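Structure data (mmCIF, C-alpha atoms) from final.cif:
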```
data_query
loop_
_atom_site.label_atom_id
_atom_site.label_comp_id
_atom_site.auth_asym_id
_atom_site.auth_seq_id
_atom_site.Cartn_x
_atom_site.Cartn_y
_atom_site.Cartn_z
CA MET A 1 89.25 118.18 103.80
CA THR A 2 86.39 115.75 104.21
CA ASN A 3 86.40 112.08 105.13
CA GLU A 4 83.61 111.40 102.63
CA ARG A 5 83.89 110.15 99.08
CA PRO A 6 83.05 113.06 96.77
CA GLU A 7 81.37 110.83 94.15
CA ASN A 8 79.38 107.62 94.23
CA VAL A 9 80.50 104.97 91.76
CA TRP A 10 78.14 102.20 90.72
CA ALA A 11 79.92 98.85 91.04
CA ALA A 12 79.18 95.34 89.82
CA THR A 13 81.01 92.11 89.03
CA LEU A 14 79.49 89.98 86.26
CA PRO A 15 79.30 86.16 86.48
CA ASN A 16 82.21 85.98 83.99
CA GLY A 17 84.39 87.93 86.43
CA LEU A 18 84.35 91.32 84.65
CA ARG A 19 84.43 94.21 87.12
CA VAL A 20 82.28 97.17 86.03
CA ARG A 21 82.48 100.66 87.51
CA VAL A 22 80.30 103.55 86.35
CA LEU A 23 80.47 107.16 87.51
CA CYS A 24 77.20 108.87 86.59
CA LYS A 25 77.49 112.49 85.43
CA PRO A 26 73.96 113.50 84.32
CA ASP A 27 74.91 117.17 83.88
CA PHE A 28 77.73 116.43 81.43
CA GLN A 29 77.15 115.85 77.72
CA ARG A 30 80.38 113.94 77.06
CA SER A 31 80.76 110.26 78.00
CA TYR A 32 83.85 108.11 78.28
CA ALA A 33 84.58 104.39 78.59
CA VAL A 34 87.76 102.36 79.03
CA PHE A 35 87.99 98.57 78.64
CA ALA A 36 91.28 97.41 80.12
CA THR A 37 93.19 94.20 80.75
CA CYS A 38 95.76 93.54 83.45
CA TYR A 39 98.40 92.77 80.84
CA GLY A 40 101.32 94.91 79.76
CA GLY A 41 104.75 94.97 78.23
CA ALA A 42 106.46 93.43 81.27
CA ASP A 43 104.23 90.31 81.25
CA ARG A 44 106.21 88.05 78.97
CA ARG A 45 106.16 84.72 80.82
CA PHE A 46 102.88 83.43 82.24
CA ARG A 47 101.01 80.36 83.36
CA VAL A 48 97.40 79.34 82.78
CA GLY A 49 96.60 76.18 84.73
CA ASP A 50 99.71 74.00 84.47
CA THR A 51 100.87 75.41 81.13
CA TRP A 52 103.73 77.92 80.98
CA THR A 53 104.16 80.23 77.99
CA ASP A 54 107.16 82.40 77.09
CA THR A 55 106.70 85.25 74.64
CA PRO A 56 109.03 87.80 73.02
CA ALA A 57 109.09 91.44 74.09
CA GLY A 58 106.37 93.58 72.55
CA VAL A 59 103.41 91.18 72.32
CA ALA A 60 101.04 93.21 74.52
CA HIS A 61 101.66 96.34 72.44
CA TYR A 62 101.34 94.31 69.22
CA LEU A 63 97.97 93.00 70.35
CA GLU A 64 96.82 96.55 71.04
CA HIS A 65 97.53 97.44 67.41
CA LYS A 66 95.97 94.33 65.87
CA LEU A 67 92.71 94.10 67.81
CA PHE A 68 91.20 96.99 65.85
CA ASP A 69 91.09 94.65 62.81
CA MET A 70 87.69 92.93 62.63
CA PRO A 71 86.92 89.59 60.91
CA ASP A 72 84.64 91.34 58.36
CA GLY A 73 87.58 93.44 57.17
CA SER A 74 86.47 96.62 58.93
CA ASP A 75 88.63 98.78 61.17
CA ALA A 76 87.07 99.37 64.61
CA LEU A 77 89.00 102.61 64.98
CA LEU A 78 87.37 103.95 61.81
CA THR A 79 83.95 102.58 62.81
CA LEU A 80 84.06 104.42 66.13
CA SER A 81 85.29 107.63 64.50
CA GLU A 82 82.51 107.54 61.91
CA ASN A 83 80.03 107.11 64.75
CA GLY A 84 81.14 110.35 66.41
CA ALA A 85 83.53 108.83 68.95
CA ASP A 86 87.15 109.74 69.64
CA PRO A 87 88.85 106.33 70.19
CA ASN A 88 92.38 105.23 71.03
CA ALA A 89 94.39 102.74 73.09
CA PHE A 90 97.62 102.47 75.05
CA THR A 91 99.91 99.80 76.48
CA SER A 92 101.98 100.32 79.63
CA THR A 93 104.24 97.93 81.50
CA ASN A 94 101.31 96.34 83.32
CA MET A 95 98.08 97.34 81.54
CA THR A 96 96.53 97.63 78.08
CA ALA A 97 93.51 99.91 77.72
CA TYR A 98 91.10 100.68 74.89
CA TYR A 99 88.88 103.72 75.19
CA PHE A 100 86.66 106.28 73.52
CA SER A 101 84.85 109.52 74.32
CA CYS A 102 81.68 110.76 72.65
CA THR A 103 78.79 113.17 73.05
CA ASP A 104 76.08 110.86 71.73
CA ARG A 105 75.53 107.22 70.68
CA PHE A 106 77.32 106.06 73.81
CA GLU A 107 75.71 102.61 73.92
CA GLU A 108 76.40 101.96 70.24
CA ASN A 109 80.04 102.94 70.68
CA LEU A 110 80.30 100.84 73.83
CA ARG A 111 79.09 97.80 71.92
CA THR A 112 81.73 98.39 69.26
CA LEU A 113 84.46 98.75 71.90
CA LEU A 114 83.52 95.54 73.69
CA ARG A 115 83.08 93.61 70.46
CA PHE A 116 86.41 94.43 68.83
CA VAL A 117 88.50 93.97 71.97
CA SER A 118 86.95 90.56 72.63
CA THR A 119 87.08 89.37 68.98
CA PRO A 120 90.65 88.54 67.93
CA TYR A 121 91.31 88.14 64.23
CA PHE A 122 94.86 87.66 62.98
CA THR A 123 96.27 86.34 59.70
CA ASP A 124 99.84 85.71 58.60
CA ALA A 125 99.59 88.58 56.11
CA SER A 126 98.14 91.12 58.57
CA VAL A 127 100.67 90.23 61.28
CA ALA A 128 103.56 90.53 58.82
CA LYS A 129 102.27 93.91 57.64
CA GLU A 130 102.01 95.19 61.22
CA GLN A 131 105.60 94.17 61.94
CA GLY A 132 106.81 96.78 59.48
CA ILE A 133 104.60 99.47 60.99
CA ILE A 134 105.66 98.76 64.57
CA ALA A 135 109.32 98.39 63.58
CA GLN A 136 109.16 101.90 62.14
CA GLU A 137 107.55 103.14 65.36
CA ILE A 138 110.36 101.54 67.38
CA ARG A 139 113.06 103.13 65.23
CA MET A 140 111.44 106.55 65.48
CA GLY A 141 111.30 106.17 69.26
CA GLU A 142 115.04 105.59 69.46
CA ASP A 143 115.62 109.27 68.67
CA ASP A 144 112.81 110.57 70.88
CA PRO A 145 114.43 112.20 73.93
CA ASP A 146 111.43 111.59 76.22
CA ARG A 147 111.43 107.87 75.42
CA ALA A 148 115.21 107.65 75.57
CA VAL A 149 115.55 109.23 79.01
CA TRP A 150 112.83 106.93 80.40
CA ARG A 151 114.14 103.79 78.66
CA ASN A 152 117.64 104.38 79.95
CA LEU A 153 116.39 104.99 83.49
CA MET A 154 114.69 101.57 83.32
CA ARG A 155 117.94 100.03 82.10
CA CYS A 156 119.77 101.61 85.00
CA LEU A 157 117.26 100.54 87.63
CA MET A 158 116.31 97.05 86.43
CA ALA A 159 118.63 94.08 86.21
CA ARG A 160 116.11 91.44 85.04
CA ASP A 161 112.46 92.52 85.16
CA GLY A 162 110.56 92.87 81.90
CA ALA A 163 109.90 96.53 82.70
CA ARG A 164 113.55 97.09 81.75
CA ASP A 165 112.67 96.70 78.06
CA ALA A 166 110.59 99.02 75.91
CA VAL A 167 106.87 98.16 75.89
CA ALA A 168 106.94 98.00 72.08
CA GLY A 169 109.81 95.50 72.15
CA THR A 170 112.65 95.58 69.64
CA VAL A 171 112.74 95.16 65.88
CA GLU A 172 114.23 91.70 66.48
CA SER A 173 111.72 90.60 69.14
CA ILE A 174 108.59 91.56 67.21
CA ALA A 175 109.86 89.57 64.22
CA GLU A 176 109.19 86.45 66.34
CA ILE A 177 105.49 87.26 66.83
CA THR A 178 103.03 85.04 64.95
CA PRO A 179 99.24 84.88 64.80
CA GLU A 180 99.37 81.95 67.22
CA THR A 181 101.40 84.04 69.69
CA LEU A 182 98.71 86.72 69.60
CA TYR A 183 95.83 84.23 69.93
CA THR A 184 97.54 82.54 72.91
CA CYS A 185 98.06 85.81 74.76
CA HIS A 186 94.55 87.05 73.95
CA ARG A 187 92.98 83.85 75.31
CA ALA A 188 94.99 84.17 78.50
CA PHE A 189 94.83 87.87 79.30
CA TYR A 190 91.68 89.09 77.56
CA ALA A 191 89.33 86.89 79.56
CA PRO A 192 86.70 89.07 81.31
CA SER A 193 87.96 87.80 84.69
CA ASN A 194 91.26 89.63 83.98
CA MET A 195 89.60 92.81 82.72
CA VAL A 196 87.70 95.86 83.92
CA LEU A 197 85.18 98.18 82.28
CA CYS A 198 85.04 101.72 83.65
CA ALA A 199 82.77 104.47 82.33
CA VAL A 200 81.62 108.01 83.00
CA CYS A 201 78.26 108.65 81.37
CA GLN A 202 74.71 109.93 81.66
CA ASP A 203 73.20 106.51 81.06
CA ALA A 204 71.89 104.21 83.75
CA PRO A 205 74.88 102.19 85.00
CA GLU A 206 72.91 98.97 84.84
CA ARG A 207 72.78 99.41 81.05
CA VAL A 208 76.58 99.42 80.85
CA ALA A 209 76.78 96.12 82.72
CA ALA A 210 73.92 94.62 80.70
CA ILE A 211 75.61 95.44 77.39
CA ALA A 212 78.86 93.90 78.64
CA ALA A 213 77.03 90.75 79.75
CA GLU A 214 75.34 90.53 76.34
CA ILE A 215 78.50 90.84 74.23
CA LEU A 216 81.32 89.24 76.24
CA PRO A 217 81.87 85.49 76.82
CA PRO A 218 79.69 84.25 79.70
CA GLU A 219 82.15 81.80 81.25
CA ARG A 220 84.62 82.73 83.98
CA ALA A 221 88.13 81.82 82.81
CA PRO A 222 91.15 81.40 85.11
CA VAL A 223 93.31 84.50 85.63
CA PRO A 224 96.84 83.97 84.27
CA ALA A 225 99.80 84.16 86.63
CA ALA A 226 102.70 86.23 85.29
CA ASP A 227 106.26 85.28 86.19
CA HIS A 228 108.76 88.16 86.28
CA GLY A 229 111.64 86.01 87.47
CA GLU A 230 113.81 86.54 90.50
CA PRO A 231 112.79 89.69 92.42
CA GLU A 232 114.82 92.81 91.77
CA ASP A 233 117.24 94.14 94.36
CA MET A 234 116.39 97.62 95.56
CA THR A 235 119.75 98.98 94.43
CA PRO A 236 120.05 99.91 90.74
CA LYS A 237 121.94 97.86 88.20
CA ASP A 238 123.81 101.01 87.10
CA ALA A 239 124.03 104.36 88.86
CA ARG A 240 123.81 106.49 85.73
CA MET A 241 123.52 106.52 81.97
CA ARG A 242 124.04 109.35 79.49
CA VAL A 243 123.31 109.59 75.77
CA GLU A 244 123.46 112.45 73.29
CA LEU A 245 120.52 113.33 71.06
CA ALA A 246 119.23 116.37 69.20
CA VAL A 247 117.91 118.32 72.20
CA SER A 248 118.38 121.98 73.08
CA ALA A 249 118.90 121.35 76.80
CA PRO A 250 119.75 118.26 78.87
CA GLN A 251 116.84 116.15 80.11
CA MET A 252 117.13 114.12 83.29
CA LEU A 253 115.22 111.51 85.24
CA LEU A 254 116.29 110.46 88.70
CA GLY A 255 114.66 107.30 90.00
CA ALA A 256 114.59 104.58 92.63
CA LYS A 257 112.80 101.26 93.06
CA PHE A 258 110.54 100.22 95.93
CA ARG A 259 108.48 97.10 96.61
CA PRO A 260 104.72 97.41 96.05
CA ALA A 261 102.56 96.78 99.09
CA GLU A 262 100.05 93.94 99.06
CA LYS A 263 97.02 94.60 96.89
CA GLY A 264 94.10 96.25 98.62
CA GLU A 265 94.02 99.08 101.15
CA ALA A 266 97.76 98.69 101.84
CA ARG A 267 98.50 99.35 98.15
CA LEU A 268 96.25 102.42 98.10
CA ARG A 269 97.82 103.75 101.28
CA GLN A 270 101.31 103.25 99.81
CA THR A 271 100.25 104.97 96.57
CA LEU A 272 98.97 108.01 98.47
CA THR A 273 101.95 108.05 100.83
CA ALA A 274 104.36 108.07 97.90
CA GLU A 275 102.52 110.84 96.07
CA LEU A 276 102.15 112.98 99.19
CA ALA A 277 105.79 112.48 100.21
CA LEU A 278 107.09 113.43 96.76
CA GLN A 279 104.88 116.51 96.53
CA ALA A 280 105.73 117.65 100.05
CA ALA A 281 109.46 117.30 99.35
CA PHE A 282 109.76 118.33 95.70
CA GLY A 283 106.45 119.83 94.51
CA GLU A 284 105.99 123.27 92.96
CA ALA A 285 105.37 124.96 96.33
CA THR A 286 108.56 123.65 97.97
CA ALA A 287 111.84 125.43 98.58
CA PHE A 288 113.54 122.63 96.63
CA TYR A 289 111.70 123.46 93.43
CA ASN A 290 111.60 127.23 93.78
CA ASP A 291 115.31 127.56 94.64
CA LEU A 292 116.33 125.43 91.66
CA TYR A 293 113.85 127.16 89.38
CA ARG A 294 115.20 130.60 90.26
CA ALA A 295 118.73 129.30 89.69
CA GLY A 296 117.74 128.10 86.22
CA LEU A 297 118.37 124.46 87.12
CA LEU A 298 114.74 123.33 86.73
CA GLY A 299 111.94 124.41 84.41
CA ASP A 300 108.17 124.29 84.15
CA ASP A 301 108.27 120.69 82.96
CA PHE A 302 109.67 119.32 86.24
CA GLY A 303 107.58 116.58 87.80
CA CYS A 304 107.72 113.83 90.40
CA ASN A 305 105.57 110.74 90.75
CA ALA A 306 105.38 107.10 91.77
CA ASP A 307 104.67 104.45 89.13
CA TYR A 308 103.70 100.79 89.60
CA CYS A 309 105.19 98.32 87.09
CA GLY A 310 103.91 94.91 88.14
CA PRO A 311 106.13 93.40 90.85
CA ILE A 312 108.21 96.57 91.15
CA ALA A 313 107.39 100.23 91.74
CA LEU A 314 109.34 103.37 90.96
CA ALA A 315 109.77 106.85 92.37
CA VAL A 316 110.80 109.19 89.55
CA LEU A 317 111.50 112.91 89.30
CA GLY A 318 113.00 115.06 86.59
CA GLY A 319 112.68 117.33 83.59
CA GLU A 320 114.98 119.68 81.70
CA SER A 321 118.07 120.80 83.62
CA LYS A 322 121.34 122.38 82.57
CA ASP A 323 123.05 120.70 85.55
CA PRO A 324 121.53 117.30 86.44
CA ASP A 325 124.26 116.59 89.00
CA ALA A 326 123.39 119.76 90.93
CA VAL A 327 119.73 118.70 90.99
CA CYS A 328 120.69 115.24 92.24
CA ALA A 329 122.83 116.74 94.98
CA ARG A 330 119.93 118.92 96.10
CA VAL A 331 117.59 115.90 96.13
CA THR A 332 120.01 114.05 98.42
CA GLU A 333 120.34 117.10 100.69
CA THR A 334 116.55 117.48 100.89
CA VAL A 335 116.01 113.81 101.76
CA ALA A 336 118.75 113.95 104.42
CA ARG A 337 117.15 117.04 105.98
CA ILE A 338 113.73 115.38 106.09
CA ALA A 339 115.28 112.25 107.60
CA ARG A 340 116.81 114.42 110.33
CA ASP A 341 114.06 116.98 110.99
CA GLY A 342 110.89 115.56 109.43
CA PHE A 343 108.51 117.62 107.31
CA ASP A 344 107.53 121.15 108.26
CA GLY A 345 104.00 120.79 109.66
CA PRO A 346 102.16 123.64 107.90
CA ALA A 347 103.98 123.01 104.61
CA PHE A 348 103.07 119.31 104.77
CA GLU A 349 99.39 120.12 105.29
CA ARG A 350 99.47 122.48 102.31
CA ALA A 351 100.89 119.63 100.24
CA ARG A 352 98.12 117.33 101.50
CA ARG A 353 95.46 119.83 100.42
CA ALA A 354 97.16 120.22 97.04
CA VAL A 355 97.16 116.44 96.46
CA TYR A 356 93.52 116.21 97.57
CA GLY A 357 92.61 119.04 95.21
CA SER A 358 94.42 117.36 92.34
CA TRP A 359 92.52 114.12 92.88
CA LEU A 360 89.25 116.05 93.19
CA ARG A 361 89.80 117.95 89.94
CA GLY A 362 90.62 114.65 88.27
CA LEU A 363 87.01 113.54 88.75
CA ASP A 364 85.98 115.94 85.98
CA ARG A 365 88.71 114.67 83.64
CA PHE A 366 86.86 111.62 82.43
CA ASP A 367 89.85 109.94 80.79
CA ASP A 368 91.90 110.28 83.97
CA VAL A 369 89.22 109.04 86.34
CA CYS A 370 88.38 105.99 84.20
CA VAL A 371 92.02 104.94 83.90
CA ASP A 372 92.53 105.64 87.61
CA MET A 373 89.53 103.45 88.49
CA ALA A 374 90.94 100.67 86.30
CA GLU A 375 94.40 100.92 87.85
CA GLY A 376 92.83 100.85 91.29
CA LEU A 377 90.89 97.67 90.55
CA PHE A 378 94.04 95.99 89.25
CA GLY A 379 95.71 97.09 92.49
CA GLY A 380 92.88 95.64 94.58
CA TYR A 381 91.27 98.91 95.72
CA GLU A 382 88.55 101.38 94.79
CA HIS A 383 89.73 104.74 93.46
CA MET A 384 87.21 106.73 95.50
CA ASP A 385 88.54 105.25 98.75
CA ALA A 386 91.57 107.52 98.32
CA PHE A 387 89.68 110.60 99.49
CA PRO A 388 88.93 109.57 103.09
CA LEU A 389 92.27 107.73 103.39
CA LEU A 390 94.39 110.69 102.31
CA GLY A 391 93.55 112.56 105.52
CA ALA A 392 94.80 109.67 107.67
CA ILE A 393 98.35 109.51 106.27
CA THR A 394 100.88 111.10 108.62
CA ALA A 395 103.93 113.22 107.93
CA ALA A 396 106.03 110.61 109.74
CA GLU A 397 104.83 107.90 107.32
CA CYS A 398 105.77 110.05 104.35
CA ALA A 399 109.18 110.93 105.80
CA ALA A 400 109.93 107.26 106.46
CA TRP A 401 108.91 106.24 102.92
CA LEU A 402 110.91 109.05 101.34
CA THR A 403 114.12 108.51 103.27
CA GLU A 404 114.08 104.75 102.68
CA THR A 405 113.15 104.91 98.98
CA LEU A 406 115.41 107.80 97.96
CA ALA A 407 118.46 106.72 99.93
CA PRO A 408 121.60 107.69 97.95
CA GLU A 409 122.60 104.11 97.20
CA ARG A 410 119.20 103.43 95.61
CA LEU A 411 119.22 106.31 93.14
CA ALA A 412 119.88 106.06 89.39
CA LEU A 413 120.25 108.96 86.97
CA SER A 414 119.40 109.01 83.25
CA VAL A 415 120.48 112.01 81.16
CA VAL A 416 119.86 112.90 77.53
CA ALA A 417 122.34 115.65 76.60
CA PRO A 418 122.66 117.81 73.47
CA LYS A 419 124.86 116.34 70.78
CA GLY A 420 128.47 117.51 71.01
CA GLY A 421 128.19 118.10 74.75
CA GLU A 422 130.83 117.33 77.30
CA GLU A 423 131.41 113.62 77.76
CA ASP A 424 130.23 111.95 80.94
CA ALA A 425 132.98 109.70 82.22
CA ASP A 426 130.75 107.70 84.57
CA HIS A 427 128.65 105.76 82.08
CA ASP A 428 127.93 106.21 78.39
CA ALA A 429 125.21 104.05 76.84
#
```
What would the structure in this file look like if it were written as structure tokens?
Amino acid sequence: MTNERPENVWAATLPNGLRVRVLCKPDFQRSYAVFATCYGGADRRFRVGDTWTDTPAGVAHYLEHKLFDMPDGSDALLTLSENGADPNAFTSTNMTAYYFSCTDRFEENLRTLLRFVSTPYFTDASVAKEQGIIAQEIRMGEDDPDRAVWRNLMRCLMARDGARDAVAGTVESIAEITPETLYTCHRAFYAPSNMVLCAVCQDAPERVAAIAAEILPPERAPVPAADHGEPEDMTPKDARMRVELAVSAPQMLLGAKFRPAEKGEARLRQTLTAELALQAAFGEATAFYNDLYRAGLLGDDFGCNADYCGPIALAVLGGESKDPDAVCARVTETVARIARDGFDGPAFERARRAVYGSWLRGLDRFDDVCVDMAEGLFGGYEHMDAFPLLGAITAAECAAWLTETLAPERLALSVVAPKGGEEDADHDA
């Protein structure tokens, strides 16, 4: 492993506060850009200046849908597609991102991206029409096992934070959204000072920044302050939740909360420590995974990761399992062993190399690296700084993080079981 950054990223901050990062890939034909705001489903109460605003659940996701509508009646999604781009968007608990990939006409597509995201246009009729579309999406998600197992884990872990609720909101909450709601939230969170533009392209990076400066508002607006209420305890609200849906095998997620480190290098170090600790304890090369895989208790879909959700962070692992309780017991045994004996030295170094290799391969997945750069900027660090820092994280740091975060009293289990299965007496949703 090297202590050098494997790629050089061009960086600039415009006078309006927009942070621009461009990774130049002259030997690649495809280009990619993401324009993201530090605003997600959990950000429902916020302050700009001395003015506080409360909004219903689902506004960030609603905005994501509606911003593709342009004042001239055109659909930016269709415009980008007709211009050879592959566009889309997503909303998470703490970020909304709009993006496209293309093989030519990058600058033209970039202009379209910047223009539609920064140009809100909402009418009573269009907002009412979208309510029906999103309501249908919400209802369809209620029977989706992947969404259900995640949503119920959030309900177990969170007592108050907005991350407890689905990013799309509920049918009832989105009925409260008006054009004025959307305009208010766009003015607050879609200011360039609260946004980042990240791209991978052949073009000169200065051109990316120049186009952004040309299209976006020139003034620097204040960054809104989100209020998530009283901080969460580190113990879960409920220890477990089980529902029955039309699945062929039970799905499980086991999770725990931990407090995010301060933004900057401390946040990046915590991010890497969490990922390395989880991979060294539960990754595909570990005895934990291979023993349970051979026993038929885990499958190829098993994964473990850390996720930041605003003022709270989560460690989550899971997948399909015919015996979630047996998996949970083995997790507890593994954490107790690491607390007692620490990590095996050679095995830990193999995990470090695997994590490094995963991050390195990610540099050629343009969608991943752009989103990762954006998440890093919202966390106060540069994505490429991970490479030299990863080699400095010790096995003792990872063991301490793991044993504190995954202590038995901090764990919550969400299970989606096949319909007609044996009842779970501990907690039915």
Inset, instruction - Kindly indicate which residue among A:Phe122, A:Ala277, A:Ala199, A:Tyr190 lies nearest to A:Arg365, using only C-alpha atoms for the distances. - result: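 Closest candidate: A:Ala199.
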Inset, instruction - Could you pull out every residue with an atom within 12 Å of (113.6, 112.6, 84.0), file coordinates, counting all atoms listed in the file, and send them as a VMD selection string? - result: chain A and resid 145 to 154 241 to 242 250 to 256 298 to 299 301 to 305 315 to 321 324 327 to 328 412 to 417
Using the chain letters and residue numbers of this document, give as a tab-separated table (two decimals) with C-alpha atoms, in the frame of the given file the residues selected by the PyMOL selection byres ((chain A and resi 387-391) around 9).
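Final output, saved to result.tsv:
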```tsv
chain	number	residue	atom	x	y	z
A	1	MET	CA	89.25	118.18	103.80
A	2	THR	CA	86.39	115.75	104.21
A	3	ASN	CA	86.40	112.08	105.13
A	4	GLU	CA	83.61	111.40	102.63
A	5	ARG	CA	83.89	110.15	99.08
A	6	PRO	CA	83.05	113.06	96.77
A	268	LEU	CA	96.25	102.42	98.10
A	269	ARG	CA	97.82	103.75	101.28
A	272	LEU	CA	98.97	108.01	98.47
A	273	THR	CA	101.95	108.05	100.83
A	276	LEU	CA	102.15	112.98	99.19
A	352	ARG	CA	98.12	117.33	101.50
A	355	VAL	CA	97.16	116.44	96.46
A	356	TYR	CA	93.52	116.21	97.57
A	359	TRP	CA	92.52	114.12	92.88
A	360	LEU	CA	89.25	116.05	93.19
A	383	HIS	CA	89.73	104.74	93.46
A	384	MET	CA	87.21	106.73	95.50
A	385	ASP	CA	88.54	105.25	98.75
A	386	ALA	CA	91.57	107.52	98.32
A	392	ALA	CA	94.80	109.67	107.67
A	393	ILE	CA	98.35	109.51	106.27
A	394	THR	CA	100.88	111.10	108.62
```
Which residues would end up in the selection if the PyMOL selection byres ((chain A and resi 67-73) around 12) were applied here, given that I need the answer as an mmCIF file with C-alpha atoms, in the coordinates of the input?
```
data_model
loop_
_atom_site.group_PDB
_atom_site.id
_atom_site.type_symbol
_atom_site.label_atom_id
_atom_site.label_comp_id
_atom_site.auth_asym_id
_atom_site.auth_seq_id
_atom_site.Cartn_x
_atom_site.Cartn_y
_atom_site.Cartn_z
ATOM 1 C CA VAL A 59 103.410 91.180 72.320
ATOM 2 C CA ALA A 60 101.040 93.210 74.520
ATOM 3 C CA HIS A 61 101.660 96.340 72.440
ATOM 4 C CA TYR A 62 101.340 94.310 69.220
ATOM 5 C CA LEU A 63 97.970 93.000 70.350
ATOM 6 C CA GLU A 64 96.820 96.550 71.040
ATOM 7 C CA HIS A 65 97.530 97.440 67.410
ATOM 8 C CA LYS A 66 95.970 94.330 65.870
ATOM 9 C CA SER A 74 86.470 96.620 58.930
ATOM 10 C CA ASP A 75 88.630 98.780 61.170
ATOM 11 C CA ALA A 76 87.070 99.370 64.610
ATOM 12 C CA LEU A 77 89.000 102.610 64.980
ATOM 13 C CA LEU A 78 87.370 103.950 61.810
ATOM 14 C CA THR A 79 83.950 102.580 62.810
ATOM 15 C CA LEU A 80 84.060 104.420 66.130
ATOM 16 C CA PRO A 87 88.850 106.330 70.190
ATOM 17 C CA ASN A 88 92.380 105.230 71.030
ATOM 18 C CA ALA A 89 94.390 102.740 73.090
ATOM 19 C CA THR A 96 96.530 97.630 78.080
ATOM 20 C CA ALA A 97 93.510 99.910 77.720
ATOM 21 C CA TYR A 98 91.100 100.680 74.890
ATOM 22 C CA TYR A 99 88.880 103.720 75.190
ATOM 23 C CA THR A 112 81.730 98.390 69.260
ATOM 24 C CA LEU A 113 84.460 98.750 71.900
ATOM 25 C CA LEU A 114 83.520 95.540 73.690
ATOM 26 C CA ARG A 115 83.080 93.610 70.460
ATOM 27 C CA PHE A 116 86.410 94.430 68.830
ATOM 28 C CA VAL A 117 88.500 93.970 71.970
ATOM 29 C CA SER A 118 86.950 90.560 72.630
ATOM 30 C CA THR A 119 87.080 89.370 68.980
ATOM 31 C CA PRO A 120 90.650 88.540 67.930
ATOM 32 C CA TYR A 121 91.310 88.140 64.230
ATOM 33 C CA PHE A 122 94.860 87.660 62.980
ATOM 34 C CA THR A 123 96.270 86.340 59.700
ATOM 35 C CA SER A 126 98.140 91.120 58.570
ATOM 36 C CA VAL A 127 100.670 90.230 61.280
ATOM 37 C CA GLU A 130 102.010 95.190 61.220
ATOM 38 C CA PRO A 179 99.240 84.880 64.800
ATOM 39 C CA LEU A 182 98.710 86.720 69.600
ATOM 40 C CA TYR A 183 95.830 84.230 69.930
ATOM 41 C CA HIS A 186 94.550 87.050 73.950
ATOM 42 C CA TYR A 190 91.680 89.090 77.560
#
```
Legend entry - Best match for closeness to A:Glu206 among A:Ala396, A:Cys24, A:Ala407, A:Ala125, counting all atoms listed in the file: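 Ranking A:Ala396, A:Cys24, A:Ala407, A:Ala125 by distance to A:Glu206, first place goes to A:Cys24.
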Legend entry - Residues returned when the PyMOL selection byres ((chain A and resi 409) around 12) runs on this file, as a ChimeraX atom specification: /A:157,233-240,255-257,332,403-408,410-413
Inset, instruction - Mind giving me the straight-line distance from atom CA of A:Gly162 to atom CA of A:Gly310 in Å, one decimal? - result: 9.3 Å
Inset, instruction - Compare A:Ala209, A:Glu180, A:Glu262, A:Asp165 by their minimum atom-to-atom distance to A:Val196, counting only C-alpha atoms, and give me the closest one. - result: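 Checking each candidate against A:Val196, we get A:Ala209 as the closest.
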Legend entry - Atom-to-atom span, atom CA of A:Gln202 and atom CA of A:Leu23, Å: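 Separation between atom CA of A:Gln202 and atom CA of A:Leu23: 8.7 Å.
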Inset, instruction - Could you jot down the atom CA of A:Ile134 to atom CA of A:Ser173 separation for me, Å, one decimal place? - result: 11.1 Å
Inset, instruction - Please return, as a ChimeraX atom specification, all polymer residues that have at least one atom within 8 Å of the point (91.0, 99.4, 83.8); use all atoms listed in the file and the file's own coordinate frame. - result: /A:34-38,95,97,195-198,370-378
